[in-house]
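For reference, the structure discussed in these notes is given below.
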Amino acid sequence: QVQLVESGGGSVEAGGSLTLSCTATSTLTARNDCMGWFRQAPGKEREEVAAIDADLSTTYADSVRGRFTISKDNAKGTVHLQMNSLKPEDTAMYFCKTAPSWGPDSGGVGCGGFGYWGQGVQVTVLS
């Protein structure tokens, strides 16, 4: 079983930036799998915001495109989410997920179906 550990959450003022990181216990998983970032705000459905495939191709939700950047360090087994121009509506719990194959769920952008999840980190954007 793959374990994912997220870090980098916190509070920031609107317009600010944060970088989230997710490290997989298996570098092979990080290299070969789809890795994505999801978020869920209270009372809202979980939303996949960014995904990066084994070939380093990336996709983004419309809500974050142009502001968020997903990247991966295969040697370290780590995926990052650089979040710029943050808005109060970006406030949510953010989760990292790895999925063995690319294939978005309905409404998703890449890492759908079966996979492993991290424990989540809170991101709060203050207005």
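Every chain in the structure tokens takes a letter, A first, then B, and so on in the order presented; its residues are numbered from 1, and the ligands are numbered from 1 following the presented order.
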
Legend entry - Who sits within 12 Å of A:Cys22, only C-alpha atoms, same chain under 4 positions skipped, as a ChimeraX atom specification: /A:3-9,26-27,30,35-38,70-74,76-82,94-98,116-121

Residue neighbourhood A:Asp90, 8 Å, only C-alpha atoms, exclusion window fewer than 3 positions, as a PDB file with C-alpha atoms, in the first residue's frame:
```pdb
ATOM      1  CA  LEU A  86      -5.163  32.790  -4.026  1.00  0.00           C
ATOM      2  CA  LYS A  87      -8.808  33.694  -3.485  1.00  0.00           C
ATOM      3  CA  VAL A 123      -5.588  25.904   3.128  1.00  0.00           C
ATOM      4  CA  THR A 124      -7.304  29.053   4.346  1.00  0.00           C
ATOM      5  CA  VAL A 125      -7.344  32.223   2.276  1.00  0.00           C
TER       6      VAL A 125
END
```

Legend entry - DSSP-assigned strand (DSSP E) among chain A, expressed as JSON, numbers by chain: {"A": [4, 5, 6, 7, 10, 11, 12, 13, 18, 19, 20, 21, 22, 23, 24, 34, 35, 36, 37, 38, 39, 40, 47, 48, 49, 50, 51, 52, 58, 59, 60, 68, 69, 70, 71, 72, 73, 78, 79, 80, 81, 82, 83, 92, 93, 94, 95, 96, 97, 98, 99, 116, 117, 121, 122, 123, 124, 125, 126]}

Legend entry - Given only C-alpha atoms as the counted atoms, nearest of A:Met83, A:Gly110, A:Pro88, A:Asp53 to A:Arg67: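 Distance minimum relative to A:Arg67 lands on A:Met83.
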
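Atom CA of A:Asn32 lies 22.6 Å from atom CA of A:Ser106.
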
Legend entry - Contacts of A:Ile52 within 6 Å, only C-alpha atoms, excl. fewer than 5 positions in-chain, as a PyMOL selection string: chain A and resi 34-35+57-58

Residues from last step as file, all heavy atoms, as a tab-separated table (two decimals), in the first residue's frame:
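Done, and the output landed in out.tsv:
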```
chain	number	residue	atom	x	y	z
A	34	CYS	N	-0.57	8.43	-12.16
A	34	CYS	CA	-1.18	9.74	-12.19
A	34	CYS	C	-1.21	10.27	-10.76
A	34	CYS	O	-1.55	9.55	-9.83
A	34	CYS	CB	-2.61	9.62	-12.73
A	34	CYS	SG	-3.52	11.18	-12.81
A	35	MET	N	-0.79	11.49	-10.57
A	35	MET	CA	-0.85	12.10	-9.24
A	35	MET	C	-1.64	13.39	-9.34
A	35	MET	O	-1.42	14.19	-10.25
A	35	MET	CB	0.55	12.35	-8.68
A	35	MET	CG	1.33	11.06	-8.48
A	35	MET	SD	2.81	11.26	-7.49
A	35	MET	CE	2.11	11.42	-5.85
A	57	SER	N	2.53	15.31	-18.43
A	57	SER	CA	1.45	16.14	-18.95
A	57	SER	C	0.55	16.54	-17.79
A	57	SER	O	0.37	15.77	-16.83
A	57	SER	CB	0.66	15.41	-20.02
A	57	SER	OG	0.10	14.21	-19.50
A	58	THR	N	0.00	17.74	-17.87
A	58	THR	CA	-0.79	18.28	-16.76
A	58	THR	C	-2.16	18.74	-17.24
A	58	THR	O	-2.33	19.13	-18.40
A	58	THR	CB	-0.07	19.46	-16.10
A	58	THR	OG1	0.17	20.48	-17.07
A	58	THR	CG2	1.27	19.02	-15.50
```

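Distances from A:Ser11, A:Thr19, A:Thr29, A:Ser63 to A:Gly108 were compared using only C-alpha atoms, and the smallest one belongs to A:Ser63.
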
Inset, instruction - Would you list, as a count of residues only, the residues of chain A that end up in helix (DSSP H, G or I) under DSSP run on this structure's backbone? - result: 9

Inset, instruction - Tell me which protein, DNA and RNA residues are within 12 Å of A:Gly66, counting only C-alpha atoms, leaving out same-chain ones fewer than 5 positions away, and put them as a list in words. - result: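 Residues near the query, excluding close chain neighbours: Val49, Ala50, Thr59, Tyr60, Ala61, Gln82, Met83, Asn84, Ser85 and Leu86 of chain A.
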
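Distances to A:Gly113 were evaluated for A:Ser101, A:Arg39, A:Ser127, A:Leu56 using only C-alpha atoms, and the minimum falls at A:Ser101.
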
Legend entry - Distance of atom CA of A:Glu13 from atom CA of A:Glu89, expressed in Å to one decimal place: 11.8 Å

Inset, instruction - Kindly indicate which residue among A:Arg65, A:Glu45, A:Gln122, A:Ala54 lies nearest to A:Leu18, using only C-alpha atoms for the distances. - result: A:Gln122

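When only C-alpha atoms are used to compute distances to A:Phe68, the closest of the residues A:Asp105, A:Ala14, A:Leu20, A:Leu28 turns out to be A:Leu20.
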
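Atom pair atom CA of A:Gly112 / atom CA of A:Thr23: separated by 18.9 Å.
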